[in-house]
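**Student:** Below you'll find input.cif; it's mmCIF, C-alpha atoms and all ligand atoms.
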data_target
loop_
_atom_site.label_atom_id
_atom_site.label_comp_id
_atom_site.auth_asym_id
_atom_site.auth_seq_id
_atom_site.Cartn_x
_atom_site.Cartn_y
_atom_site.Cartn_z
CA MET W 704 82.68 -13.01 -2.40
CA GLU W 705 81.27 -13.02 1.14
CA PHE W 706 80.29 -16.37 2.67
CA VAL W 707 78.03 -17.72 5.36
CA GLU W 708 78.38 -21.17 6.87
CA VAL W 709 75.33 -23.44 6.76
CA ARG W 710 74.90 -26.90 8.22
CA GLU W 711 73.15 -29.61 6.31
CA GLY W 712 73.16 -33.25 7.41
CA LEU W 713 76.68 -33.86 8.71
CA ALA W 714 78.22 -31.21 6.46
CA ARG W 715 79.31 -27.64 7.15
CA ILE W 716 79.20 -25.65 3.96
CA LEU W 717 80.32 -22.16 3.04
CA VAL W 718 77.80 -20.60 0.67
CA PRO W 719 77.91 -17.15 -0.93
CA LYS W 720 75.92 -14.40 0.77
CA ALA W 721 73.20 -13.27 -1.61
CA GLU W 722 69.76 -11.64 -1.54
CA ARG W 723 68.26 -14.23 -3.88
CA ILE W 724 69.61 -17.69 -4.66
CA TYR W 725 69.91 -17.10 -8.40
CA ASP W 726 72.05 -13.95 -7.79
CA ALA W 727 74.72 -15.94 -5.97
CA PRO W 728 77.98 -16.53 -7.87
CA VAL W 729 77.88 -20.17 -6.73
CA PHE W 730 74.51 -21.87 -6.47
CA TYR W 731 73.05 -23.11 -3.19
CA ASN W 732 69.35 -23.76 -2.63
CA PRO W 733 68.30 -24.72 0.93
CA VAL W 734 64.94 -26.03 -0.38
CA MET W 735 66.87 -28.77 -2.16
CA ALA W 736 68.00 -30.15 1.23
CA LEU W 737 65.14 -32.66 0.91
CA ASN W 738 66.41 -33.74 -2.52
CA ARG W 739 69.90 -34.16 -1.03
CA ASP W 740 68.54 -36.02 2.03
CA VAL W 741 66.73 -38.54 -0.19
CA SER W 742 69.86 -38.85 -2.34
CA VAL W 743 72.08 -39.47 0.70
CA LEU W 744 69.68 -42.19 1.87
CA ALA W 745 69.64 -43.74 -1.61
CA VAL W 746 73.45 -43.71 -1.83
CA LYS W 747 73.64 -45.22 1.66
CA ILE W 748 71.55 -48.16 0.43
CA ILE W 749 73.20 -48.49 -3.00
CA GLN W 750 76.72 -48.41 -1.45
CA PRO W 751 78.61 -47.40 -4.59
CA GLY W 752 82.40 -47.69 -4.56
CA LYS W 753 82.88 -44.57 -6.69
CA ALA W 754 80.41 -41.72 -7.03
CA LEU W 755 80.40 -38.58 -9.19
CA ASP W 756 78.56 -35.37 -8.36
CA ALA W 757 78.98 -34.03 -11.89
CA LEU W 758 77.42 -30.57 -11.37
CA SER W 759 78.51 -29.77 -7.89
CA ALA W 760 78.27 -25.98 -7.26
CA THR W 761 79.29 -25.61 -3.55
CA GLY W 762 80.14 -29.33 -3.32
CA ILE W 763 77.45 -29.94 -0.72
CA ARG W 764 75.89 -33.00 -2.35
CA GLY W 765 79.13 -34.92 -2.90
CA ILE W 766 80.50 -33.85 0.49
CA ARG W 767 77.37 -35.27 2.12
CA TYR W 768 77.87 -38.52 0.18
CA ALA W 769 81.43 -38.68 1.53
CA LEU W 770 80.42 -37.90 5.13
CA GLU W 771 77.12 -39.74 5.40
CA THR W 772 77.43 -42.86 3.23
CA PRO W 773 79.97 -45.69 2.91
CA THR W 774 81.12 -44.48 -0.56
CA GLY W 775 84.93 -44.73 -0.69
CA GLU W 776 85.66 -42.34 -3.56
CA VAL W 777 83.65 -39.22 -4.41
CA TRP W 778 84.31 -36.84 -7.30
CA LEU W 779 82.97 -33.27 -7.26
CA ASN W 780 82.95 -31.37 -10.52
CA ASP W 781 81.88 -27.96 -11.78
CA ILE W 782 82.62 -25.88 -14.86
CA SER W 783 82.76 -22.64 -12.89
CA GLU W 784 86.09 -21.55 -11.46
CA GLU W 785 84.39 -19.83 -8.51
CA ALA W 786 82.49 -23.02 -7.73
CA PHE W 787 85.70 -25.07 -7.97
CA LYS W 788 87.50 -22.78 -5.50
CA LEU W 789 84.59 -23.04 -3.10
CA ILE W 790 84.45 -26.84 -3.47
CA LEU W 791 88.13 -26.96 -2.44
CA ARG W 792 87.43 -24.86 0.67
CA ASN W 793 84.37 -26.88 1.59
CA VAL W 794 86.12 -30.23 1.21
CA GLU W 795 88.99 -29.03 3.43
CA LEU W 796 86.52 -27.70 5.99
CA ASN W 797 84.73 -31.04 6.22
CA LEU W 798 87.45 -33.60 5.65
CA GLY W 799 90.22 -31.81 7.52
CA VAL W 800 92.84 -32.96 5.01
CA GLU W 801 94.79 -30.88 2.57
CA GLY W 802 94.35 -31.47 -1.15
CA LYS W 803 97.16 -32.26 -3.57
CA PRO W 804 96.99 -30.91 -7.12
CA VAL W 805 96.76 -33.66 -9.73
CA GLY W 806 97.15 -31.75 -12.96
CA GLU W 807 95.98 -28.22 -13.60
CA LYS W 808 92.31 -28.49 -12.82
CA ARG W 809 92.12 -31.34 -10.35
CA VAL W 810 92.83 -31.68 -6.65
CA ALA W 811 92.77 -35.00 -4.76
CA PHE W 812 92.15 -35.32 -1.02
CA GLU W 813 93.40 -38.60 0.38
CA GLY W 814 92.05 -39.36 3.84
CA GLU W 815 89.67 -41.96 5.14
CA LYS W 816 87.86 -41.33 1.86
CA ARG W 817 89.26 -40.28 -1.50
CA ILE W 818 87.74 -37.02 -2.71
CA VAL W 819 88.57 -35.58 -6.10
CA ALA W 820 87.60 -31.99 -6.92
CA ASN W 821 87.59 -31.20 -10.62
CA LEU W 822 87.17 -28.07 -12.74
CA ASP W 823 85.79 -28.97 -16.14
CA ASP W 824 82.80 -29.36 -18.40
CA ALA W 825 80.96 -32.37 -16.97
CA ASN W 826 80.64 -33.88 -20.45
CA ARG W 827 84.41 -33.84 -20.92
CA LEU W 828 85.08 -35.33 -17.47
CA MET W 829 82.52 -38.09 -18.01
CA ALA W 830 83.81 -38.84 -21.52
CA GLU W 831 87.33 -39.23 -20.10
CA ASN W 832 86.14 -41.63 -17.41
CA PHE W 833 84.52 -44.42 -19.37
CA ARG W 834 82.52 -46.89 -17.21
CA TYR W 835 84.24 -45.65 -14.08
CA PHE W 836 81.50 -44.60 -11.65
CA ASP W 837 79.12 -46.85 -9.74
CA PHE W 838 76.81 -43.92 -9.00
CA LEU W 839 76.54 -40.81 -11.14
CA ASP W 840 74.50 -37.78 -10.12
CA LEU W 841 73.26 -35.15 -12.58
CA ASP W 842 71.77 -32.16 -10.80
CA PRO W 843 71.72 -29.40 -13.43
CA PHE W 844 69.93 -26.10 -13.88
CA GLY W 845 66.93 -27.12 -16.00
CA SER W 846 67.12 -30.23 -18.15
CA PRO W 847 69.68 -33.04 -17.79
CA VAL W 848 69.41 -34.10 -21.46
CA GLU W 849 72.65 -32.48 -22.61
CA PHE W 850 74.56 -34.72 -20.16
CA LEU W 851 72.74 -38.03 -20.68
CA ASP W 852 74.89 -39.60 -23.37
CA THR W 853 78.20 -39.09 -21.62
CA ALA W 854 76.67 -40.02 -18.24
CA LEU W 855 75.45 -43.34 -19.65
CA ARG W 856 78.98 -44.04 -20.89
CA SER W 857 80.70 -42.94 -17.69
CA VAL W 858 78.54 -44.91 -15.27
CA LYS W 859 79.24 -48.64 -15.03
CA ARG W 860 76.89 -50.93 -16.92
CA ARG W 861 75.21 -52.05 -13.71
CA GLY W 862 75.58 -48.71 -11.99
CA VAL W 863 72.98 -46.18 -10.88
CA LEU W 864 72.25 -42.91 -12.63
CA ALA W 865 70.47 -40.22 -10.60
CA VAL W 866 68.93 -37.31 -12.50
CA THR W 867 67.20 -34.11 -11.45
CA ALA W 868 65.17 -32.03 -13.91
CA THR W 869 63.99 -28.57 -12.86
CA ASP W 870 62.48 -27.66 -16.23
CA THR W 871 59.00 -28.60 -15.04
CA GLY W 872 57.36 -25.98 -17.28
CA VAL W 873 58.80 -27.86 -20.25
CA LEU W 874 57.96 -31.40 -19.08
CA CYS W 875 54.49 -30.32 -17.92
CA GLY W 876 53.50 -28.80 -21.23
CA ALA W 877 53.70 -25.06 -20.53
CA TYR W 878 56.44 -24.89 -23.19
CA ARG W 879 55.39 -27.64 -25.58
CA ASN W 880 57.95 -26.94 -28.30
CA ALA W 881 60.79 -27.12 -25.78
CA CYS W 882 59.49 -30.54 -24.70
CA LEU W 883 59.39 -31.72 -28.32
CA ARG W 884 62.96 -30.47 -28.84
CA LYS W 885 64.55 -31.71 -25.64
CA TYR W 886 62.60 -34.87 -24.89
CA LEU W 887 61.08 -35.71 -28.31
CA ALA W 888 57.81 -36.17 -26.48
CA GLU W 889 54.34 -34.60 -26.50
CA PRO W 890 53.59 -33.34 -22.98
CA ILE W 891 50.15 -33.00 -21.38
CA ARG W 892 48.73 -30.07 -19.41
CA GLY W 893 46.29 -30.23 -16.50
CA ASP W 894 45.88 -32.68 -13.62
CA LEU W 895 48.14 -35.42 -15.04
CA CYS W 896 50.98 -33.10 -16.09
CA HIS W 897 53.39 -33.78 -13.20
CA GLU W 898 53.20 -37.54 -13.34
CA ALA W 899 53.35 -37.49 -17.14
CA GLY W 900 56.33 -35.10 -16.99
CA LEU W 901 58.21 -37.48 -14.70
CA ARG W 902 57.36 -40.39 -16.98
CA ILE W 903 58.55 -38.44 -20.05
CA LEU W 904 61.86 -37.80 -18.27
CA ILE W 905 62.31 -41.51 -17.42
CA GLY W 906 61.20 -42.53 -20.91
CA THR W 907 63.87 -40.26 -22.37
CA VAL W 908 66.62 -41.89 -20.29
CA VAL W 909 65.29 -45.33 -21.33
CA ARG W 910 65.56 -44.35 -25.02
CA TYR W 911 69.07 -42.92 -24.57
CA ALA W 912 70.15 -46.06 -22.65
CA ALA W 913 68.66 -48.50 -25.17
CA LYS W 914 71.16 -47.56 -27.87
CA TYR W 915 73.98 -48.72 -25.59
CA ASP W 916 72.11 -52.01 -24.98
CA LEU W 917 71.26 -50.89 -21.46
CA GLY W 918 67.96 -51.48 -19.72
CA VAL W 919 66.65 -49.42 -16.82
CA ASP W 920 65.03 -50.33 -13.50
CA VAL W 921 63.45 -47.46 -11.61
CA LEU W 922 64.59 -47.58 -7.98
CA LEU W 923 62.63 -44.44 -7.17
CA ALA W 924 61.24 -41.49 -9.11
CA TYR W 925 59.27 -38.55 -7.74
CA TYR W 926 58.11 -34.98 -8.21
CA ARG W 927 58.57 -32.35 -5.51
CA ASP W 928 59.04 -28.56 -5.10
CA HIS W 929 59.03 -27.96 -8.88
CA TYR W 930 61.60 -30.56 -9.79
CA PHE W 931 61.69 -34.19 -10.90
CA ARG W 932 64.14 -36.73 -9.51
CA ALA W 933 64.84 -40.31 -10.60
CA PHE W 934 67.26 -43.00 -9.39
CA LEU W 935 67.76 -45.47 -12.22
CA ARG W 936 69.59 -48.79 -11.98
CA LEU W 937 71.13 -49.78 -15.31
CA LYS W 938 71.02 -53.35 -16.57
CA SER W 939 73.41 -54.60 -19.19
CA GLY W 940 72.23 -56.39 -22.33
CA ALA W 941 70.16 -55.95 -25.49
CA LYS W 942 67.27 -57.98 -24.07
CA LYS W 943 67.15 -55.78 -20.98
CA ALA W 944 67.08 -52.71 -23.21
CA ASP W 945 64.27 -54.23 -25.32
CA LYS W 946 62.28 -54.96 -22.16
CA SER W 947 62.63 -51.38 -20.91
CA LEU W 948 61.73 -49.95 -24.32
CA SER W 949 58.61 -52.14 -24.34
CA GLN W 950 57.47 -50.34 -21.18
CA LEU W 951 57.20 -47.04 -23.04
CA GLY W 952 53.87 -45.98 -24.38
CA TYR W 953 51.29 -43.20 -24.64
CA LEU W 954 48.59 -41.47 -22.64
CA TRP W 955 45.22 -40.11 -23.79
CA GLN W 956 42.82 -37.95 -21.78
CA ASP W 957 39.37 -36.75 -22.82
CA GLU W 958 37.63 -33.52 -21.74
CA ASN W 959 35.83 -35.32 -18.89
CA GLY W 960 39.13 -36.29 -17.31
CA ARG W 961 38.96 -39.95 -18.34
CA PHE W 962 42.45 -41.22 -19.16
CA GLU W 963 43.76 -44.26 -20.97
CA TYR W 964 47.29 -45.43 -21.57
CA ALA W 965 48.85 -48.16 -23.69
CA GLU W 966 52.32 -49.55 -24.23
CA GLY W 967 53.66 -49.36 -27.77
CA PHE W 968 56.54 -47.94 -29.75
CA LEU W 969 54.10 -45.89 -31.82
CA PRO W 970 50.78 -44.44 -30.61
CA GLU W 971 47.82 -46.52 -31.74
CA ARG W 972 45.63 -43.44 -32.34
CA PRO W 973 45.89 -39.63 -32.58
CA LYS W 974 46.04 -37.08 -29.74
CA ALA W 975 48.51 -39.18 -27.79
CA HIS W 976 50.87 -37.78 -25.14
CA GLY W 977 54.30 -39.34 -24.92
CA PRO W 978 56.27 -41.43 -25.47
CA LEU W 979 56.49 -41.92 -21.72
CA TRP W 980 57.47 -44.58 -19.21
CA LEU W 981 54.55 -46.78 -18.12
CA GLY W 982 56.54 -49.05 -15.79
CA PRO W 983 56.87 -48.74 -12.01
CA LEU W 984 58.02 -45.53 -10.32
CA LYS W 985 59.62 -47.39 -7.45
CA ASP W 986 61.21 -50.64 -6.35
CA GLY W 987 59.18 -51.59 -3.27
CA GLU W 988 62.07 -53.12 -1.33
CA PHE W 989 64.35 -50.18 -2.08
CA VAL W 990 61.80 -47.66 -0.79
CA GLU W 991 61.11 -49.76 2.34
CA ARG W 992 64.83 -49.63 3.08
CA LEU W 993 64.86 -45.90 2.34
CA VAL W 994 62.20 -45.34 4.99
CA GLU W 995 64.10 -47.48 7.52
CA ALA W 996 67.27 -45.52 6.79
CA ALA W 997 65.37 -42.21 7.07
CA ARG W 998 64.19 -43.12 10.58
CA GLU W 999 67.79 -43.42 11.79
CA HIS W 1000 69.70 -40.89 9.73
CA PRO W 1001 70.41 -37.29 10.86
CA LEU W 1002 68.32 -35.66 8.13
CA ALA W 1003 68.55 -32.00 7.18
CA HIS W 1004 64.91 -31.39 6.21
CA ARG W 1005 61.99 -32.01 8.58
CA LYS W 1006 59.76 -33.13 5.70
CA THR W 1007 62.08 -35.83 4.35
CA LEU W 1008 60.78 -38.65 6.56
CA PRO W 1009 57.04 -38.00 5.99
CA PHE W 1010 57.77 -37.62 2.29
CA VAL W 1011 59.54 -40.97 1.91
CA GLU W 1012 56.81 -42.59 4.03
CA LEU W 1013 54.22 -41.21 1.61
CA LEU W 1014 56.23 -42.53 -1.35
CA ASN W 1015 56.41 -45.93 0.32
CA GLU W 1016 52.65 -46.13 0.89
CA GLU W 1017 51.65 -44.85 -2.53
CA LEU W 1018 50.02 -47.33 -4.90
CA ASP W 1019 52.32 -47.70 -7.91
CA VAL W 1020 49.92 -47.61 -10.87
CA PRO W 1021 50.12 -45.23 -13.81
CA PHE W 1022 48.27 -41.94 -13.32
CA LEU W 1023 45.89 -40.55 -10.79
CA TYR W 1024 42.49 -39.02 -10.15
CA ASP W 1025 42.45 -35.41 -9.04
CA THR W 1026 39.23 -35.59 -7.07
CA HIS W 1027 38.60 -31.82 -7.24
CA ALA W 1028 39.05 -31.68 -11.02
CA LEU W 1029 36.95 -34.80 -11.49
CA ALA W 1030 34.14 -33.44 -9.29
CA ARG W 1031 34.18 -30.09 -11.10
CA ARG W 1032 34.09 -31.68 -14.54
CA ASN W 1033 31.19 -33.92 -13.57
CA GLY W 1034 29.13 -31.39 -11.59
CA LEU W 1035 29.79 -33.16 -8.27
CA GLN W 1036 31.07 -32.10 -4.85
CA ALA W 1037 34.67 -33.00 -3.99
CA ARG W 1038 34.97 -35.10 -0.86
CA LYS W 1039 37.71 -35.89 1.63
CA LEU W 1040 40.43 -38.13 0.26
CA SER W 1041 40.25 -40.40 3.29
CA ASP W 1042 36.53 -40.97 2.60
CA MET W 1043 37.17 -41.67 -1.08
CA ILE W 1044 39.87 -44.17 -0.17
CA GLU W 1045 37.62 -45.87 2.38
CA ILE W 1046 34.71 -46.17 -0.09
CA LEU W 1047 36.92 -47.63 -2.83
CA GLU W 1048 38.62 -50.03 -0.42
CA GLY W 1049 35.17 -51.08 0.80
CA LYS W 1050 34.44 -52.12 -2.78
CA GLY W 1051 37.57 -54.25 -2.93
CA TYR W 1052 39.84 -51.79 -4.81
CA LYS W 1053 43.20 -50.48 -3.77
CA ALA W 1054 43.41 -46.73 -3.24
CA THR W 1055 46.02 -44.42 -1.67
CA ARG W 1056 47.09 -40.80 -1.49
CA THR W 1057 49.78 -39.73 -3.92
CA HIS W 1058 52.80 -37.47 -3.54
CA PHE W 1059 51.96 -35.84 -6.90
CA SER W 1060 49.06 -33.87 -5.44
CA PRO W 1061 47.33 -33.40 -2.07
CA LYS W 1062 43.98 -33.45 -3.95
CA ALA W 1063 44.50 -36.71 -5.83
CA ILE W 1064 44.30 -40.45 -5.28
CA LYS W 1065 45.82 -43.44 -6.99
CA THR W 1066 43.59 -46.45 -7.42
CA ASP W 1067 43.16 -49.60 -9.49
CA ALA W 1068 39.42 -48.85 -9.70
CA PRO W 1069 37.96 -47.74 -13.05
CA ILE W 1070 36.80 -44.14 -13.38
CA GLU W 1071 33.11 -45.14 -13.02
CA LYS W 1072 33.84 -46.46 -9.52
CA VAL W 1073 35.75 -43.31 -8.63
CA LEU W 1074 32.78 -41.21 -9.78
CA GLU W 1075 30.43 -43.45 -7.77
CA ALA W 1076 32.61 -42.84 -4.71
CA LEU W 1077 32.18 -39.09 -5.28
CA ARG W 1078 28.38 -39.53 -5.57
CA VAL W 1079 27.81 -41.76 -2.51
CA LEU W 1080 26.04 -39.81 0.25
N1 LIG L 1 74.25 -30.16 -7.12
C1 LIG L 1 74.23 -28.84 -6.49
C2 LIG L 1 73.54 -28.89 -5.15
O1 LIG L 1 72.96 -29.93 -4.75
O2 LIG L 1 73.56 -27.84 -4.46
C3 LIG L 1 73.59 -27.80 -7.38
C4 LIG L 1 74.08 -27.76 -8.78
S1 LIG L 1 73.55 -26.37 -9.69
C5 LIG L 1 71.86 -26.63 -9.91
C6 LIG L 1 74.24 -26.66 -11.28
C7 LIG L 1 75.74 -26.44 -11.38
O3 LIG L 1 76.17 -26.95 -12.66
C8 LIG L 1 76.22 -25.00 -11.33
O4 LIG L 1 77.13 -24.83 -10.28
C9 LIG L 1 76.92 -24.76 -12.70
O5 LIG L 1 78.10 -23.97 -12.60
C10 LIG L 1 77.26 -26.16 -13.10
N2 LIG L 1 77.38 -26.40 -14.56
C11 LIG L 1 76.61 -25.90 -15.56
N3 LIG L 1 77.00 -26.41 -16.75
C12 LIG L 1 78.03 -27.27 -16.49
C13 LIG L 1 78.84 -28.11 -17.29
N4 LIG L 1 78.67 -28.18 -18.61
N5 LIG L 1 79.78 -28.85 -16.68
C14 LIG L 1 79.97 -28.78 -15.34
N6 LIG L 1 79.24 -27.99 -14.53
C15 LIG L 1 78.28 -27.25 -15.09
#
Let me see the file written as structure tokens.
Ligand code: SAM
**Tutor:**
Amino acid sequence: MEFVEVREGLARILVPKAERIYDAPVFYNPVMALNRDVSVLAVKIIQPGKALDALSATGIRGIRYALETPTGEVWLNDISEEAFKLILRNVELNLGVEGKPVGEKRVAFEGEKRIVANLDDANRLMAENFRYFDFLDLDPFGSPVEFLDTALRSVKRRGVLAVTATDTGVLCGAYRNACLRKYLAEPIRGDLCHEAGLRILIGTVVRYAAKYDLGVDVLLAYYRDHYFRAFLRLKSGAKKADKSLSQLGYLWQDENGRFEYAEGFLPERPKAHGPLWLGPLKDGEFVERLVEAAREHPLAHRKTLPFVELLNEELDVPFLYDTHALARRNGLQARKLSDMIEILEGKGYKATRTHFSPKAIKTDAPIEKVLEALRVL
């Protein structure tokens, strides 16, 4: 294997030389630097004692947690032997300490921080470390569902679970049967598919967590570059689980683009999409702090700061109006988002841009008022 060294945040990482990222024997995607930046900022704020990067590949994510956050103990795990060997090299390169074997498939680096590199199936590692981690990161190829049960047992009962899902085609309804199988949810296609996909993902974690009497608070959840990402704070207790479950519900959309949603364990009428999470997609204070941290931190991706600023400003209400789709469906001209926002605010409603789409707005105004704002000359 030939390597090149890349720099990301404070880390120096050896990555395999390859024509295309999916041809590389160990996975590294520079586009995901924004995902890792946001994660580093989140971990900096959460300040976990012990963190696990369960699906580590080159080790870059966990190494950044060790270098750029106060976390005292970071575990890096991968099932691939090639990845494990590379993780060992990358930890040495960045920490400047030599590792000591602890058993056959584990090496510990004891320096200012404790780093543990591990070669195993993530499910086995998590099952063996019951309620051990304060922060647990699942960053798989595709769906995280096959790791959810063990992750919810391995993270502490008031810990934070971070999940990435890259199976957007599944969660956004291009592969409906796969969504039924993996998420037990009916997806939606069209202008609401990304937000609904993210809410199906969160709803799935809420259902998995509920059986362990765990509730879920969303610290931050977003869609970007064909993946979903959620940081979820667990809360211990049957009542907390009941409360989170009660925030699941269903979405309906008619052919004119009008949508409705309602909480409920079962859908109250046919043609429902879900179950999906109808609660908040962010904790306002957490995202404020994320933006403050982003202004000071040496970030790897130039779009990280504007992106977290956009997330911070976004109105947190379920679902959005794609102004182009709405105009087309109703025989109207689309107009500038800034004008739409100004018109709706002038009428006393809240309205903002949304990270889900550059053509959409979020507002607490009813659809009639949004259509009026499209019609105003
Ligand atoms: N987190 C990495 C980053 O930020 O660059 C990327 C991780 S990559 C998308 C997914 C990794 O999961 C691959 O390196 C793969 O070898 C590993 N993997 C797949 N199945 C696994 C399993 N059951 N247990 C542990 N690792 C696994």
**Student:** Do you know which residues are at most 12 Å from Phe844 (chain W) counting all atoms listed in the file, after dropping those on the same chain fewer than 6 positions away, and could you put them as a list in words?
**Tutor:**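 Counting only the stated atoms, we get Tyr725, Phe730, Tyr731, Asn732, Leu758, Ser759, Ala760, Phe850, Val866, Thr867, Ala868, Thr869, Asp870, Thr871, Tyr930 and Phe931 of chain W.
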**Student:** CA of Tyr835 (chain W) to CA of Ile818 (chain W): how many Å, to one decimal?
**Tutor:**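 Atom-to-atom, CA of Tyr835 (chain W) to CA of Ile818 (chain W), that is 14.7 Å.
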**Student:** First collect every listed atom of region 785-793 of chain W; then fit an axis-aligned box around them, widen it by 4 Å on each side, and give centre and edge lengths in Å to one decimal, as JSON.
**Tutor:**
{"center_x": 85.3, "center_y": -23.4, "center_z": -3.5, "size_x": 13.6, "size_y": 15.1, "size_z": 18.1}
**Student:** Counting only C-alpha atoms and all ligand atoms, what residues are within 9 Å of ligand LIG 1 (chain L), given as a PDB file with C-alpha atoms, in the frame of the given file?
**Tutor:**
ATOM      1  CA  PRO W 728      77.980 -16.530  -7.870  1.00  0.00           C
ATOM      2  CA  VAL W 729      77.880 -20.170  -6.730  1.00  0.00           C
ATOM      3  CA  PHE W 730      74.510 -21.870  -6.470  1.00  0.00           C
ATOM      4  CA  TYR W 731      73.050 -23.110  -3.190  1.00  0.00           C
ATOM      5  CA  ASN W 732      69.350 -23.760  -2.630  1.00  0.00           C
ATOM      6  CA  PRO W 733      68.300 -24.720   0.930  1.00  0.00           C
ATOM      7  CA  MET W 735      66.870 -28.770  -2.160  1.00  0.00           C
ATOM      8  CA  ALA W 736      68.000 -30.150   1.230  1.00  0.00           C
ATOM      9  CA  ASN W 738      66.410 -33.740  -2.520  1.00  0.00           C
ATOM     10  CA  ARG W 739      69.900 -34.160  -1.030  1.00  0.00           C
ATOM     11  CA  ASP W 756      78.560 -35.370  -8.360  1.00  0.00           C
ATOM     12  CA  ALA W 757      78.980 -34.030 -11.890  1.00  0.00           C
ATOM     13  CA  LEU W 758      77.420 -30.570 -11.370  1.00  0.00           C
ATOM     14  CA  SER W 759      78.510 -29.770  -7.890  1.00  0.00           C
ATOM     15  CA  ALA W 760      78.270 -25.980  -7.260  1.00  0.00           C
ATOM     16  CA  THR W 761      79.290 -25.610  -3.550  1.00  0.00           C
ATOM     17  CA  GLY W 762      80.140 -29.330  -3.320  1.00  0.00           C
ATOM     18  CA  ILE W 763      77.450 -29.940  -0.720  1.00  0.00           C
ATOM     19  CA  ARG W 764      75.890 -33.000  -2.350  1.00  0.00           C
ATOM     20  CA  GLY W 765      79.130 -34.920  -2.900  1.00  0.00           C
ATOM     21  CA  ASN W 780      82.950 -31.370 -10.520  1.00  0.00           C
ATOM     22  CA  ASP W 781      81.880 -27.960 -11.780  1.00  0.00           C
ATOM     23  CA  ILE W 782      82.620 -25.880 -14.860  1.00  0.00           C
ATOM     24  CA  SER W 783      82.760 -22.640 -12.890  1.00  0.00           C
ATOM     25  CA  GLU W 784      86.090 -21.550 -11.460  1.00  0.00           C
ATOM     26  CA  GLU W 785      84.390 -19.830  -8.510  1.00  0.00           C
ATOM     27  CA  ALA W 786      82.490 -23.020  -7.730  1.00  0.00           C
ATOM     28  CA  PHE W 787      85.700 -25.070  -7.970  1.00  0.00           C
ATOM     29  CA  LEU W 822      87.170 -28.070 -12.740  1.00  0.00           C
ATOM     30  CA  ASP W 823      85.790 -28.970 -16.140  1.00  0.00           C
ATOM     31  CA  ASP W 824      82.800 -29.360 -18.400  1.00  0.00           C
ATOM     32  CA  ALA W 825      80.960 -32.370 -16.970  1.00  0.00           C
ATOM     33  CA  ASN W 826      80.640 -33.880 -20.450  1.00  0.00           C
ATOM     34  CA  ARG W 827      84.410 -33.840 -20.920  1.00  0.00           C
ATOM     35  CA  LEU W 828      85.080 -35.330 -17.470  1.00  0.00           C
ATOM     36  CA  ASP W 840      74.500 -37.780 -10.120  1.00  0.00           C
ATOM     37  CA  LEU W 841      73.260 -35.150 -12.580  1.00  0.00           C
ATOM     38  CA  ASP W 842      71.770 -32.160 -10.800  1.00  0.00           C
ATOM     39  CA  PRO W 843      71.720 -29.400 -13.430  1.00  0.00           C
ATOM     40  CA  PHE W 844      69.930 -26.100 -13.880  1.00  0.00           C
ATOM     41  CA  GLY W 845      66.930 -27.120 -16.000  1.00  0.00           C
ATOM     42  CA  GLU W 849      72.650 -32.480 -22.610  1.00  0.00           C
ATOM     43  CA  PHE W 850      74.560 -34.720 -20.160  1.00  0.00           C
ATOM     44  CA  THR W 867      67.200 -34.110 -11.450  1.00  0.00           C
ATOM     45  CA  THR W 869      63.990 -28.570 -12.860  1.00  0.00           C
TER      46      THR W 869
END
**Student:** Would you kindly return, as a list in words, each protein, DNA or RNA residue with an atom no farther than 9 Å from any atom of Val707 (chain W), considering only C-alpha atoms and excluding same-chain residues fewer than 5 positions away?
**Tutor:** Ile716, Leu717, Val718, Pro719 and Lys720 of chain W
**Student:** Quick one: of W:Pro1069, W:Pro1061, W:Gly918, W:Pro970, who's nearest to Gly952 (chain W), counting all atoms listed in the file?
**Tutor:**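 Using all atoms listed in the file, the shortest distance to Gly952 (chain W) belongs to W:Pro970.
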**Student:** Please, what distance in Å, to one decimal, runs between CA of Lys808 (chain W) and CA of Ala714 (chain W)?
**Tutor:** 24.0 Å
**Student:** Between CA of Lys942 (chain W) and CA of Asp916 (chain W), measure the distance and give it in Å to one decimal.
**Tutor:**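 If I compute the distance from CA of Lys942 (chain W) to CA of Asp916 (chain W), I get 7.7 Å.
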**Student:** Excluding Ala888 (chain W) and residues on its chain fewer than 5 positions from it, collect all residues at most 6 Å away from it, counting all atoms listed in the file, and give them as a list in words.
**Tutor:**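 Those residues are Leu883, Gly977 and Pro978 of chain W.
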**Student:** Between W:Gln956, W:Thr1026, W:Gln1036, W:Thr1007, which has the minimum distance to Gly712 (chain W) (counting all atoms listed in the file)?
**Tutor:** W:Thr1007
**Student:** Show which residues sit within 8 Å of Ala1063 (chain W), as an NGL selection string. Count all atoms listed in the file, and ignore same-chain residues fewer than 3 positions away.
**Tutor:** :W and (1023-1027 or 1040 or 1056-1057 or 1059-1060)
**Student:** Closest to Leu1013 (chain W) among W:Pro983, W:His1058, W:Lys1065, W:Val994, using all atoms listed in the file?
**Tutor:**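 Looking only at the distances to Leu1013 (chain W), the closest residue turns out to be W:His1058.
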**Student:** Quick one: of W:Gly906, W:Tyr915, W:Leu979, W:Lys1072, who's nearest to Trp955 (chain W), counting only C-alpha atoms?
**Tutor:**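 Among the listed residues, the smallest separation from Trp955 (chain W) belongs to W:Leu979.
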**Student:** Could you give me, as a list in words, the residues that have an atom at most 10 Å away from the point (72.8, -42.9, -1.0) in the coordinates of the file, using only C-alpha atoms?
**Tutor:**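 Residues lying no farther than 10 Å from the given point: Arg739, Asp740, Val741, Ser742, Val743, Leu744, Ala745, Val746, Lys747, Ile748, Ile749, Gln750, Pro751, Ala754, Arg767, Tyr768, Ala769, Glu771, Thr772, Pro773, Thr774, Phe838, Leu993 and Ala996 of chain W.
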